[in-house]
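See below for upload-v5.txt, which holds compact mmCIF, C-alpha atoms and all ligand atoms.
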# COMPACT_ATOMS: atom_id res chain seq x y z
CA MET I 1 20.76 16.95 26.59
CA ILE I 2 18.85 14.07 25.01
CA ILE I 3 16.18 14.81 22.39
CA ASP I 4 14.05 12.04 20.88
CA PHE I 5 13.17 13.37 17.42
CA HIS I 6 10.71 10.63 16.44
CA THR I 7 7.78 9.67 18.69
CA HIS I 8 4.04 9.12 18.28
CA THR I 9 0.99 9.68 20.45
CA PHE I 10 -2.69 9.17 19.75
CA PRO I 11 -5.77 10.96 21.08
CA PRO I 12 -7.01 9.31 24.33
CA LYS I 13 -10.29 8.20 22.72
CA ILE I 14 -8.61 6.12 20.02
CA ALA I 15 -5.19 5.32 21.50
CA ALA I 16 -5.92 1.76 22.66
CA ALA I 17 -7.62 0.77 19.39
CA ALA I 18 -4.95 2.47 17.26
CA LEU I 19 -2.11 0.73 19.07
CA ASP I 20 -3.87 -2.60 18.73
CA LYS I 21 -4.47 -2.17 15.00
CA LEU I 22 -0.94 -0.92 14.23
CA SER I 23 0.50 -3.65 16.40
CA ASP I 24 -1.50 -6.30 14.49
CA ASN I 25 -0.40 -4.85 11.12
CA SER I 26 3.27 -4.72 12.05
CA GLY I 27 3.47 -7.78 14.30
CA SER I 28 5.46 -5.76 16.86
CA ARG I 29 4.51 -4.61 20.33
CA PRO I 30 4.01 -1.13 21.86
CA TYR I 31 5.95 -0.05 24.98
CA SER I 32 3.63 2.67 26.34
CA ASN I 33 -0.09 3.46 26.35
CA GLY I 34 0.43 5.59 23.22
CA MET I 35 -0.89 8.76 24.85
CA ILE I 36 0.83 12.02 25.85
CA ASP I 37 0.92 11.01 29.54
CA GLY I 38 2.51 7.67 28.65
CA LEU I 39 5.17 9.42 26.59
CA GLN I 40 5.80 11.90 29.40
CA ASP I 41 6.32 9.05 31.90
CA SER I 42 8.59 7.29 29.43
CA ILE I 43 10.88 10.27 28.78
CA LYS I 44 11.16 10.97 32.51
CA LYS I 45 12.09 7.37 33.20
CA SER I 46 14.60 7.33 30.34
CA GLY I 47 16.40 10.60 31.14
CA ILE I 48 15.22 12.17 27.88
CA ASP I 49 14.78 15.96 27.98
CA MET I 50 12.48 16.42 25.01
CA ALA I 51 10.39 14.28 22.67
CA VAL I 52 9.17 15.42 19.26
CA VAL I 53 5.71 14.04 18.44
CA LEU I 54 4.98 13.39 14.77
CA PRO I 55 1.27 13.26 13.92
CA VAL I 56 0.23 12.02 10.46
CA ALA I 57 -2.82 13.30 8.57
CA THR I 58 -4.13 10.15 6.87
CA SER I 59 -7.01 12.09 5.26
CA PRO I 60 -7.22 15.71 4.03
CA SER I 61 -9.75 16.75 6.70
CA GLN I 62 -7.55 15.78 9.65
CA TYR I 63 -5.11 18.68 9.54
CA GLU I 64 -7.33 21.08 11.50
CA THR I 65 -7.66 18.91 14.60
CA ILE I 66 -4.07 17.67 14.43
CA ASN I 67 -2.68 21.18 14.20
CA ARG I 68 -4.95 22.59 16.92
CA VAL I 69 -3.79 19.83 19.28
CA ALA I 70 -0.15 20.40 18.23
CA ILE I 71 -0.35 24.11 19.07
CA GLU I 72 -2.03 23.34 22.44
CA THR I 73 0.62 20.70 23.21
CA ASN I 74 3.40 23.17 22.47
CA GLU I 75 1.99 25.68 24.99
CA HIS I 76 3.18 23.28 27.71
CA THR I 77 6.50 22.07 26.30
CA ASP I 78 8.48 23.72 29.11
CA GLU I 79 6.68 21.58 31.72
CA THR I 80 6.10 18.40 29.70
CA GLY I 81 9.15 18.10 27.46
CA ILE I 82 6.80 17.27 24.58
CA LEU I 83 7.04 19.23 21.32
CA SER I 84 4.59 18.45 18.53
CA PHE I 85 5.06 18.88 14.82
CA GLY I 86 2.06 19.63 12.61
CA GLY I 87 0.26 17.45 10.11
CA ILE I 88 -0.68 18.05 6.51
CA HIS I 89 -2.05 15.83 3.72
CA PRO I 90 -0.81 15.96 0.10
CA ASP I 91 -4.40 16.55 -1.05
CA ASN I 92 -4.70 19.74 1.02
CA ASP I 93 -4.83 22.29 -1.82
CA ASN I 94 -4.66 25.05 0.80
CA TYR I 95 -1.21 23.76 1.81
CA LYS I 96 0.33 27.25 1.67
CA ASP I 97 -2.17 28.59 4.21
CA ILE I 98 -1.78 25.54 6.46
CA LEU I 99 2.01 25.83 6.47
CA SER I 100 2.08 29.58 7.08
CA SER I 101 -0.43 29.17 9.92
CA LEU I 102 1.83 26.53 11.51
CA LYS I 103 4.81 28.83 11.11
CA ASN I 104 2.92 31.77 12.64
CA ASN I 105 1.92 29.62 15.60
CA GLY I 106 5.50 28.64 16.33
CA VAL I 107 5.27 25.01 15.16
CA LYS I 108 8.76 23.89 14.11
CA GLY I 109 7.95 21.34 11.43
CA ILE I 110 5.62 18.87 9.74
CA LYS I 111 5.45 15.13 9.24
CA LEU I 112 4.68 13.46 5.91
CA HIS I 113 4.07 9.73 5.51
CA PRO I 114 3.92 8.78 1.81
CA VAL I 115 2.85 5.21 2.66
CA TYR I 116 0.01 6.05 5.07
CA GLN I 117 -0.99 8.91 2.78
CA ASN I 118 -0.64 6.66 -0.29
CA VAL I 119 1.06 9.32 -2.44
CA ASN I 120 4.56 8.88 -3.85
CA PHE I 121 7.10 11.17 -2.19
CA ASP I 122 8.24 12.45 -5.60
CA ASP I 123 4.66 13.33 -6.60
CA ILE I 124 4.18 17.07 -7.19
CA ARG I 125 1.67 17.22 -4.29
CA MET I 126 4.43 16.17 -1.90
CA LYS I 127 7.17 18.20 -3.54
CA ARG I 128 5.16 21.44 -3.37
CA ILE I 129 4.67 20.94 0.38
CA VAL I 130 8.37 20.24 0.96
CA TYR I 131 9.28 23.32 -1.12
CA GLU I 132 6.88 25.64 0.71
CA ALA I 133 7.86 24.31 4.14
CA SER I 134 11.51 24.84 3.29
CA SER I 135 10.82 28.41 2.12
CA LEU I 136 9.19 29.13 5.49
CA GLY I 137 12.10 27.61 7.42
CA LEU I 138 9.98 24.66 8.65
CA ILE I 139 11.46 21.20 9.14
CA THR I 140 9.91 18.40 7.05
CA LEU I 141 10.25 14.94 8.55
CA VAL I 142 9.23 12.17 6.17
CA HIS I 143 8.81 8.46 6.72
CA ALA I 144 11.49 6.83 4.57
CA GLY I 145 11.75 3.35 3.14
CA TYR I 146 9.26 0.55 3.52
CA ASP I 147 6.74 0.40 6.36
CA ILE I 148 6.64 -2.72 8.49
CA GLY I 149 2.82 -2.67 8.35
CA PHE I 150 2.58 -2.32 4.54
CA PRO I 151 5.02 -4.78 2.97
CA GLY I 152 6.11 -3.81 -0.56
CA TRP I 153 4.55 -0.31 -0.62
CA ASN I 154 7.26 1.79 -2.25
CA GLN I 155 6.00 5.39 -1.99
CA ALA I 156 8.99 6.46 0.15
CA VAL I 157 11.95 4.45 -1.16
CA PRO I 158 15.35 6.14 -1.64
CA GLN I 159 14.90 6.25 -5.45
CA ARG I 160 11.93 8.60 -4.91
CA ILE I 161 13.52 10.55 -2.07
CA ILE I 162 16.57 11.41 -4.18
CA ASN I 163 14.27 12.95 -6.82
CA VAL I 164 12.86 15.30 -4.18
CA ILE I 165 16.32 16.19 -2.86
CA LYS I 166 17.48 17.04 -6.40
CA ASP I 167 14.37 18.94 -7.50
CA VAL I 168 13.51 20.82 -4.29
CA GLU I 169 16.89 21.13 -2.51
CA PRO I 170 15.11 21.43 0.86
CA GLU I 171 17.10 22.97 3.70
CA LYS I 172 15.64 21.05 6.64
CA LEU I 173 14.57 17.63 5.39
CA VAL I 174 14.70 14.75 7.89
CA LEU I 175 14.47 11.21 6.53
CA ALA I 176 13.19 8.80 9.17
CA HIS I 177 14.57 5.32 9.77
CA MET I 178 18.16 6.14 8.66
CA GLY I 179 16.95 7.23 5.22
CA GLY I 180 14.90 4.15 4.33
CA TRP I 181 13.71 1.27 6.49
CA ASN I 182 14.65 -2.05 4.88
CA CYS I 183 16.40 -0.21 1.96
CA TYR I 184 19.80 0.35 3.53
CA GLU I 185 21.89 -0.59 0.51
CA ASP I 186 20.05 2.00 -1.58
CA VAL I 187 20.43 4.55 1.22
CA CYS I 188 24.20 4.01 1.24
CA GLU I 189 24.35 4.39 -2.52
CA LEU I 190 21.88 7.23 -3.13
CA ILE I 191 21.35 9.22 0.07
CA ALA I 192 24.40 8.98 2.37
CA GLY I 193 26.35 12.24 2.38
CA LYS I 194 23.51 14.38 0.99
CA GLU I 195 22.54 17.59 2.81
CA VAL I 196 19.65 16.01 4.69
CA TYR I 197 19.18 14.63 8.20
CA LEU I 198 18.54 10.97 9.02
CA ASP I 199 16.80 9.81 12.19
CA THR I 200 17.61 6.56 13.95
CA ALA I 201 14.00 5.48 14.61
CA PHE I 202 13.29 1.75 14.56
CA THR I 203 16.54 0.73 12.87
CA ILE I 204 18.81 -0.93 15.44
CA ASN I 205 16.28 -2.19 18.00
CA PRO I 206 15.35 -5.85 18.21
CA ILE I 207 11.73 -6.26 17.02
CA GLU I 208 9.66 -8.22 19.51
CA LYS I 209 6.41 -9.94 18.60
CA LYS I 210 3.18 -8.50 19.92
CA ASP I 211 2.39 -11.60 21.99
CA GLY I 212 5.79 -11.61 23.70
CA THR I 213 6.87 -14.97 22.25
CA GLY I 214 10.21 -13.80 20.92
CA LEU I 215 11.47 -11.88 17.92
CA SER I 216 9.44 -10.89 14.85
CA LYS I 217 10.26 -12.29 11.40
CA TYR I 218 11.35 -8.75 10.49
CA ASN I 219 14.06 -8.68 13.11
CA ASP I 220 16.79 -9.67 10.66
CA VAL I 221 16.24 -6.57 8.45
CA GLN I 222 17.39 -4.30 11.30
CA LEU I 223 20.85 -2.77 11.02
CA THR I 224 23.69 -4.41 12.91
CA ASN I 225 25.84 -2.10 15.04
CA GLU I 226 28.53 -2.26 12.40
CA GLN I 227 26.16 -1.35 9.55
CA PHE I 228 24.68 1.45 11.68
CA VAL I 229 28.04 3.00 12.57
CA ASN I 230 29.26 2.71 8.96
CA LEU I 231 26.16 4.49 7.69
CA VAL I 232 26.47 7.22 10.35
CA ARG I 233 30.07 7.89 9.28
CA LYS I 234 29.34 7.68 5.55
CA HIS I 235 26.53 10.23 5.98
CA SER I 236 28.06 12.43 8.75
CA ALA I 237 27.39 12.26 12.49
CA ASP I 238 26.52 15.97 12.29
CA ARG I 239 23.29 15.13 10.43
CA ILE I 240 21.97 12.14 12.37
CA LEU I 241 19.17 12.62 14.91
CA PHE I 242 18.24 10.23 17.70
CA GLY I 243 14.69 8.96 17.25
CA SER I 244 13.13 5.99 19.02
CA ASP I 245 9.75 5.61 17.28
CA SER I 246 8.15 5.35 20.73
CA PRO I 247 5.72 3.67 21.52
CA TRP I 248 7.22 1.05 19.17
CA THR I 249 10.47 0.85 21.11
CA ASP I 250 11.48 1.35 24.73
CA GLN I 251 13.06 4.82 24.79
CA GLY I 252 15.50 4.11 27.63
CA GLN I 253 16.67 0.91 25.97
CA TYR I 254 17.06 2.77 22.66
CA VAL I 255 19.32 5.42 24.21
CA GLU I 256 21.52 2.60 25.51
CA LEU I 257 21.53 0.87 22.11
CA ILE I 258 22.82 4.08 20.49
CA LYS I 259 25.45 4.61 23.21
CA ASN I 260 26.66 1.02 22.91
CA SER I 261 26.58 0.79 19.10
CA GLY I 262 30.25 1.55 18.64
CA LEU I 263 30.05 5.30 18.09
CA THR I 264 32.58 7.58 19.78
CA ASP I 265 31.28 9.58 22.77
CA GLU I 266 31.45 12.71 20.65
CA GLU I 267 29.39 11.16 17.86
CA ALA I 268 26.84 9.83 20.36
CA GLU I 269 26.47 13.23 22.01
CA LYS I 270 25.77 14.92 18.67
CA ILE I 271 23.26 12.25 17.67
CA LEU I 272 21.47 12.03 21.01
CA GLY I 273 20.77 15.75 21.30
CA ALA I 274 23.20 18.38 20.03
CA ASN I 275 22.22 18.05 16.35
CA ALA I 276 18.51 18.19 17.21
CA ALA I 277 18.92 21.23 19.47
CA ARG I 278 20.66 23.06 16.62
CA LEU I 279 18.03 22.05 14.05
CA LEU I 280 15.14 22.96 16.35
CA ASP I 281 16.93 26.17 17.34
CA ILE I 282 16.40 25.62 21.07
ZN ZN I 301 7.41 6.52 13.31

Would you write the structure of this file as structure tokens?
Amino acid sequence: MIIDFHTHTFPPKIAAAALDKLSDNSGSRPYSNGMIDGLQDSIKKSGIDMAVVLPVATSPSQYETINRVAIETNEHTDETGILSFGGIHPDNDNYKDILSSLKNNGVKGIKLHPVYQNVNFDDIRMKRIVYEASSLGLITLVHAGYDIGFPGWNQAVPQRIINVIKDVEPEKLVLAHMGGWNCYEDVCELIAGKEVYLDTAFTINPIEKKDGTGLSKYNDVQLTNEQFVNLVRKHSADRILFGSDSPWTDQGQYVELIKNSGLTDEEAEKILGANAARLLDI
């Protein structure tokens, strides 16, 4: 079973514009139309059984729509293979109600993005959400490290993440991008081996320019196979989750990259699906 733990979709009305804007900011190209149907086609084509969609609330008012759509999406997971997490913003003072409503509606987890939300991950407004989510048994997936579209913004660097791990001791915390995009030395030093999950999203893929003229200037910050496998083993293959960051990578190609990275078959099987199935309890 292959589960992609890190994907994104956008509402049909804004998908084309959102992809264009994010693509301009990051200088990298999308590989689907960025909508649910595009993701569904992509997982089918790639032999992926389930994709977890991670919506981000970039303003406090967005949680209602995001979470309504998430609950509707999850009514059809059996047919579509698409499972959505919920969204919440650090300035939602009613965070306890939002989280318990998600829990009561069967949503498995939430996504936080300290950079897009412009709040440090070790700010109390983030920590209280992680604490409450953990108490309810929800998974918290957080963007980790720098963001390709916001160079230098440090709201989610490993030095902040470790403060949250120490203070909150969350049970089901997933750090995207192998614990910190473009911060891998700090991840190895501060995060590897801690009782958290890391996802593989956008860490070992080549980064192609939007206009198709070759590789982006950011390509050389990606992990080599050797660095990737070393980090997997230093952390534990039992707590690594396959994520592609679709539409920002080709899911089928990403599965192959993981399989051919130098992991053992047993490690690859855990990472590509078994760990996620256990965490999601499916
Ligand atoms: Zn992502």

One decimal, Å: what's the distance from CA of Glu169 in chain I over to CA of Ala237 in chain I, could you say?
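Between these atoms lies a distance of 20.3 Å.
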
Contacts of range 113-197 of chain I with range 243-267 of chain I up to 12 Å, shortest pair per row, all atoms listed in the file, as a Markdown table:
| residue | atom | partner | partner_atom | distance |
| --- | --- | --- | --- | --- |
| I:Leu141 | CA | I:Gly243 | CA | 11.5 |
| I:His143 | CA | I:Asp245 | CA | 11.0 |
| I:Ile148 | CA | I:Trp248 | CA | 11.3 |
| I:Val174 | CA | I:Gly243 | CA | 11.0 |
| I:Leu175 | CA | I:Gly243 | CA | 11.0 |
| I:Ala176 | CA | I:Gly243 | CA | 8.2 |
| I:His177 | CA | I:Gly243 | CA | 8.3 |
| I:Met178 | CA | I:Gly243 | CA | 9.7 |
| I:Tyr197 | CA | I:Gly243 | CA | 11.6 |

Nearest to Arg239 in chain I, chosen from I:Ile3, I:Leu198, I:Ala15, I:Ala192, with only C-alpha atoms counted in the distances:
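Distance minimum relative to Arg239 in chain I lands on I:Leu198.
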
Rank nothing, just name the residue among I:Gly145, I:Pro12, I:Gly81, I:Pro90 nearest to ligand ZN 301 (chain I), using all atoms listed in the file.
I:Gly145

Report, in Å with one decimal, the straight-line distance from CA of Ser59 in chain I to CA of Leu138 in chain I.
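Calculated distance between CA of Ser59 in chain I and CA of Leu138 in chain I is 21.4 Å.
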
Once you count only C-alpha atoms, which residues end up no further than 7 Å from (-3.2, 9.8, 23.6) in the file's frame, shown as a PyMOL selection string?
chain I and resi 9-12+15+34-36

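Each of I:Asp220, I:Asp281, I:Glu269, I:Asp211 was checked against Lys172 in chain I using only C-alpha atoms; the smallest atom-to-atom distance is that of I:Asp281.
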
Atom-to-atom span, CA of Val130 in chain I and CA of Asp167 in chain I, Å:
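Calculated distance between CA of Val130 in chain I and CA of Asp167 in chain I is 10.5 Å.
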
Spatial neighbours of range 123-129 of chain I, max dist 7 Å, all atoms listed in the file, sep filter under 4 positions, as a PyMOL selection string
chain I and resi 90-91+95+119+133+164+168

I want to know what sits within 7 Å of Gly273 in chain I, based on all atoms listed in the file, with residues of the same chain fewer than 3 positions away left out; could you give that as a ChimeraX atom specification?
/I:1-3,269-270,276-277

Restricting it to C-alpha atoms, dump the selection as a PDB file, keeping the file's coordinate frame.
ATOM      1  CA  MET I   1      20.760  16.950  26.590  1.00  0.00           C
ATOM      2  CA  ILE I   2      18.850  14.070  25.010  1.00  0.00           C
ATOM      3  CA  ILE I   3      16.180  14.810  22.390  1.00  0.00           C
ATOM      4  CA  GLU I 269      26.470  13.230  22.010  1.00  0.00           C
ATOM      5  CA  LYS I 270      25.770  14.920  18.670  1.00  0.00           C
ATOM      6  CA  ALA I 276      18.510  18.190  17.210  1.00  0.00           C
ATOM      7  CA  ALA I 277      18.920  21.230  19.470  1.00  0.00           C
TER       8      ALA I 277
END

Residue nearest ligand ZN 301 (chain I) among I:Gly106, I:Pro55, I:Gly137, I:Gly38 (counting all atoms listed in the file)
I:Pro55

Determine the nearest neighbour of Asp20 in chain I from the options I:Lys210, I:Glu75, I:Asp122, I:Val232, counting all atoms listed in the file.
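Smallest separation from Asp20 in chain I among the options: I:Lys210.
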
Which residues come within 12 Å of Gly149 in chain I, counting only C-alpha atoms, excluding same-chain residues fewer than 4 positions away, as a list of chain:residue names?
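Listed by chain and then number, they are I:Lys21, I:Leu22, I:Ser23, I:Asp24, I:Asn25, I:Ser26, I:Gly27, I:Ser28, I:Val115, I:Tyr116, I:Gly145, I:Trp153, I:Trp181, I:Tyr218.
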
Around all of range 244-249 of chain I's listed atoms, make the axis-aligned box with 6 Å on each side and tell me centre and edge lengths in Å to one decimal, as lines of an AutoDock Vina configuration file.
center_x = 9.4
center_y = 3.4
center_z = 19.4
size_x = 19.4
size_y = 17.1
size_z = 16.2

Quick one: of I:Phe150, I:Tyr63, I:Phe202, I:Phe228, who's nearest to ligand ZN 301 (chain I), counting only C-alpha atoms and all ligand atoms?
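Answer, going by the shortest atom-to-atom distance: I:Phe202.
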
Using C-alpha atoms, give me range 91-195 of chain I from the structure I just pasted, as a PDB file, in the first residue's frame.
ATOM      1  CA  ASP I  91      -5.088  33.513  15.758  1.00  0.00           C
ATOM      2  CA  ASN I  92      -8.215  31.365  16.095  1.00  0.00           C
ATOM      3  CA  ASP I  93      -8.930  31.917  19.799  1.00  0.00           C
ATOM      4  CA  ASN I  94     -11.688  29.293  19.544  1.00  0.00           C
ATOM      5  CA  TYR I  95      -9.023  26.707  18.676  1.00  0.00           C
ATOM      6  CA  LYS I  96     -10.352  24.215  21.237  1.00  0.00           C
ATOM      7  CA  ASP I  97     -13.810  24.215  19.632  1.00  0.00           C
ATOM      8  CA  ILE I  98     -12.361  23.974  16.121  1.00  0.00           C
ATOM      9  CA  LEU I  99     -10.165  21.009  17.051  1.00  0.00           C
ATOM     10  CA  SER I 100     -12.879  19.125  18.909  1.00  0.00           C
ATOM     11  CA  SER I 101     -15.274  19.680  15.998  1.00  0.00           C
ATOM     12  CA  LEU I 102     -12.669  18.221  13.607  1.00  0.00           C
ATOM     13  CA  LYS I 103     -12.188  15.268  15.929  1.00  0.00           C
ATOM     14  CA  ASN I 104     -15.952  14.689  16.207  1.00  0.00           C
ATOM     15  CA  ASN I 105     -16.269  14.756  12.421  1.00  0.00           C
ATOM     16  CA  GLY I 106     -13.618  12.084  11.973  1.00  0.00           C
ATOM     17  CA  VAL I 107     -10.865  14.343  10.578  1.00  0.00           C
ATOM     18  CA  LYS I 108      -7.505  12.738  11.385  1.00  0.00           C
ATOM     19  CA  GLY I 109      -5.278  15.779  11.682  1.00  0.00           C
ATOM     20  CA  ILE I 110      -4.434  19.404  10.982  1.00  0.00           C
ATOM     21  CA  LYS I 111      -1.830  21.312   9.018  1.00  0.00           C
ATOM     22  CA  LEU I 112       0.078  24.308  10.371  1.00  0.00           C
ATOM     23  CA  HIS I 113       2.364  26.486   8.252  1.00  0.00           C
ATOM     24  CA  PRO I 114       4.321  28.924  10.444  1.00  0.00           C
ATOM     25  CA  VAL I 115       5.733  30.720   7.379  1.00  0.00           C
ATOM     26  CA  TYR I 116       2.451  31.247   5.494  1.00  0.00           C
ATOM     27  CA  GLN I 117       0.766  32.036   8.814  1.00  0.00           C
ATOM     28  CA  ASN I 118       3.682  34.298   9.825  1.00  0.00           C
ATOM     29  CA  VAL I 119       3.780  33.077  13.445  1.00  0.00           C
ATOM     30  CA  ASN I 120       6.822  31.378  14.942  1.00  0.00           C
ATOM     31  CA  PHE I 121       6.245  27.676  15.602  1.00  0.00           C
ATOM     32  CA  ASP I 122       7.405  28.091  19.221  1.00  0.00           C
ATOM     33  CA  ASP I 123       4.925  30.945  19.805  1.00  0.00           C
ATOM     34  CA  ILE I 124       2.328  30.098  22.463  1.00  0.00           C
ATOM     35  CA  ARG I 125      -0.467  30.397  19.851  1.00  0.00           C
ATOM     36  CA  MET I 126       1.078  27.503  17.933  1.00  0.00           C
ATOM     37  CA  LYS I 127       2.059  25.483  20.982  1.00  0.00           C
ATOM     38  CA  ARG I 128      -1.457  25.591  22.458  1.00  0.00           C
ATOM     39  CA  ILE I 129      -2.860  24.189  19.191  1.00  0.00           C
ATOM     40  CA  VAL I 130      -0.274  21.399  19.062  1.00  0.00           C
ATOM     41  CA  TYR I 131      -0.984  20.569  22.722  1.00  0.00           C
ATOM     42  CA  GLU I 132      -4.760  20.469  22.286  1.00  0.00           C
ATOM     43  CA  ALA I 133      -4.558  18.472  19.047  1.00  0.00           C
ATOM     44  CA  SER I 134      -2.284  15.968  20.749  1.00  0.00           C
ATOM     45  CA  SER I 135      -4.679  15.656  23.711  1.00  0.00           C
ATOM     46  CA  LEU I 136      -7.482  14.817  21.264  1.00  0.00           C
ATOM     47  CA  GLY I 137      -5.355  12.239  19.432  1.00  0.00           C
ATOM     48  CA  LEU I 138      -5.173  14.373  16.259  1.00  0.00           C
ATOM     49  CA  ILE I 139      -2.086  14.404  14.048  1.00  0.00           C
ATOM     50  CA  THR I 140      -0.387  17.795  13.599  1.00  0.00           C
ATOM     51  CA  LEU I 141       1.594  18.157  10.387  1.00  0.00           C
ATOM     52  CA  VAL I 142       3.723  21.285  10.286  1.00  0.00           C
ATOM     53  CA  HIS I 143       5.754  22.819   7.493  1.00  0.00           C
ATOM     54  CA  ALA I 144       9.368  22.589   8.656  1.00  0.00           C
ATOM     55  CA  GLY I 145      12.431  24.561   7.647  1.00  0.00           C
ATOM     56  CA  TYR I 146      12.597  27.356   5.130  1.00  0.00           C
ATOM     57  CA  ASP I 147      10.022  27.808   2.373  1.00  0.00           C
ATOM     58  CA  ILE I 148      11.259  28.033  -1.190  1.00  0.00           C
ATOM     59  CA  GLY I 149       8.857  30.950  -1.820  1.00  0.00           C
ATOM     60  CA  PHE I 150       9.923  32.987   1.248  1.00  0.00           C
ATOM     61  CA  PRO I 151      13.730  32.975   1.418  1.00  0.00           C
ATOM     62  CA  GLY I 152      15.107  33.620   4.912  1.00  0.00           C
ATOM     63  CA  TRP I 153      11.787  33.402   6.811  1.00  0.00           C
ATOM     64  CA  ASN I 154      12.702  31.378   9.893  1.00  0.00           C
ATOM     65  CA  GLN I 155       9.376  30.729  11.658  1.00  0.00           C
ATOM     66  CA  ALA I 156       9.722  26.937  11.290  1.00  0.00           C
ATOM     67  CA  VAL I 157      13.453  26.224  11.636  1.00  0.00           C
ATOM     68  CA  PRO I 158      14.644  23.238  13.724  1.00  0.00           C
ATOM     69  CA  GLN I 159      15.734  25.532  16.601  1.00  0.00           C
ATOM     70  CA  ARG I 160      12.072  26.527  17.049  1.00  0.00           C
ATOM     71  CA  ILE I 161      10.677  23.052  16.411  1.00  0.00           C
ATOM     72  CA  ILE I 162      12.829  21.530  19.154  1.00  0.00           C
ATOM     73  CA  ASN I 163      11.347  24.012  21.655  1.00  0.00           C
ATOM     74  CA  VAL I 164       7.857  22.733  20.818  1.00  0.00           C
ATOM     75  CA  ILE I 165       8.938  19.083  21.053  1.00  0.00           C
ATOM     76  CA  LYS I 166      10.450  19.733  24.499  1.00  0.00           C
ATOM     77  CA  ASP I 167       7.624  21.881  25.892  1.00  0.00           C
ATOM     78  CA  VAL I 168       4.584  20.074  24.443  1.00  0.00           C
ATOM     79  CA  GLU I 169       5.833  16.481  23.948  1.00  0.00           C
ATOM     80  CA  PRO I 170       3.219  15.929  21.218  1.00  0.00           C
ATOM     81  CA  GLU I 171       2.356  12.321  20.397  1.00  0.00           C
ATOM     82  CA  LYS I 172       1.609  12.647  16.686  1.00  0.00           C
ATOM     83  CA  LEU I 173       3.712  15.491  15.309  1.00  0.00           C
ATOM     84  CA  VAL I 174       4.789  15.243  11.664  1.00  0.00           C
ATOM     85  CA  LEU I 175       7.547  17.561  10.463  1.00  0.00           C
ATOM     86  CA  ALA I 176       7.355  18.108   6.711  1.00  0.00           C
ATOM     87  CA  HIS I 177      10.352  18.164   4.382  1.00  0.00           C
ATOM     88  CA  MET I 178      12.485  15.732   6.450  1.00  0.00           C
ATOM     89  CA  GLY I 179      12.301  18.007   9.499  1.00  0.00           C
ATOM     90  CA  GLY I 180      13.427  21.249   7.869  1.00  0.00           C
ATOM     91  CA  TRP I 181      13.792  22.175   4.209  1.00  0.00           C
ATOM     92  CA  ASN I 182      17.239  23.650   3.569  1.00  0.00           C
ATOM     93  CA  CYS I 183      18.220  23.129   7.275  1.00  0.00           C
ATOM     94  CA  TYR I 184      19.385  19.533   7.104  1.00  0.00           C
ATOM     95  CA  GLU I 185      22.501  19.937   9.245  1.00  0.00           C
ATOM     96  CA  ASP I 186      20.384  21.362  12.066  1.00  0.00           C
ATOM     97  CA  VAL I 187      17.833  18.576  11.582  1.00  0.00           C
ATOM     98  CA  CYS I 188      20.574  15.959  11.987  1.00  0.00           C
ATOM     99  CA  GLU I 189      21.848  17.669  15.117  1.00  0.00           C
ATOM    100  CA  LEU I 190      18.596  18.694  16.840  1.00  0.00           C
ATOM    101  CA  ILE I 191      15.701  16.597  15.526  1.00  0.00           C
ATOM    102  CA  ALA I 192      16.911  13.214  14.238  1.00  0.00           C
ATOM    103  CA  GLY I 193      15.946  10.429  16.631  1.00  0.00           C
ATOM    104  CA  LYS I 194      13.236  12.414  18.449  1.00  0.00           C
ATOM    105  CA  GLU I 195       9.759  10.889  18.851  1.00  0.00           C
TER     106      GLU I 195
END
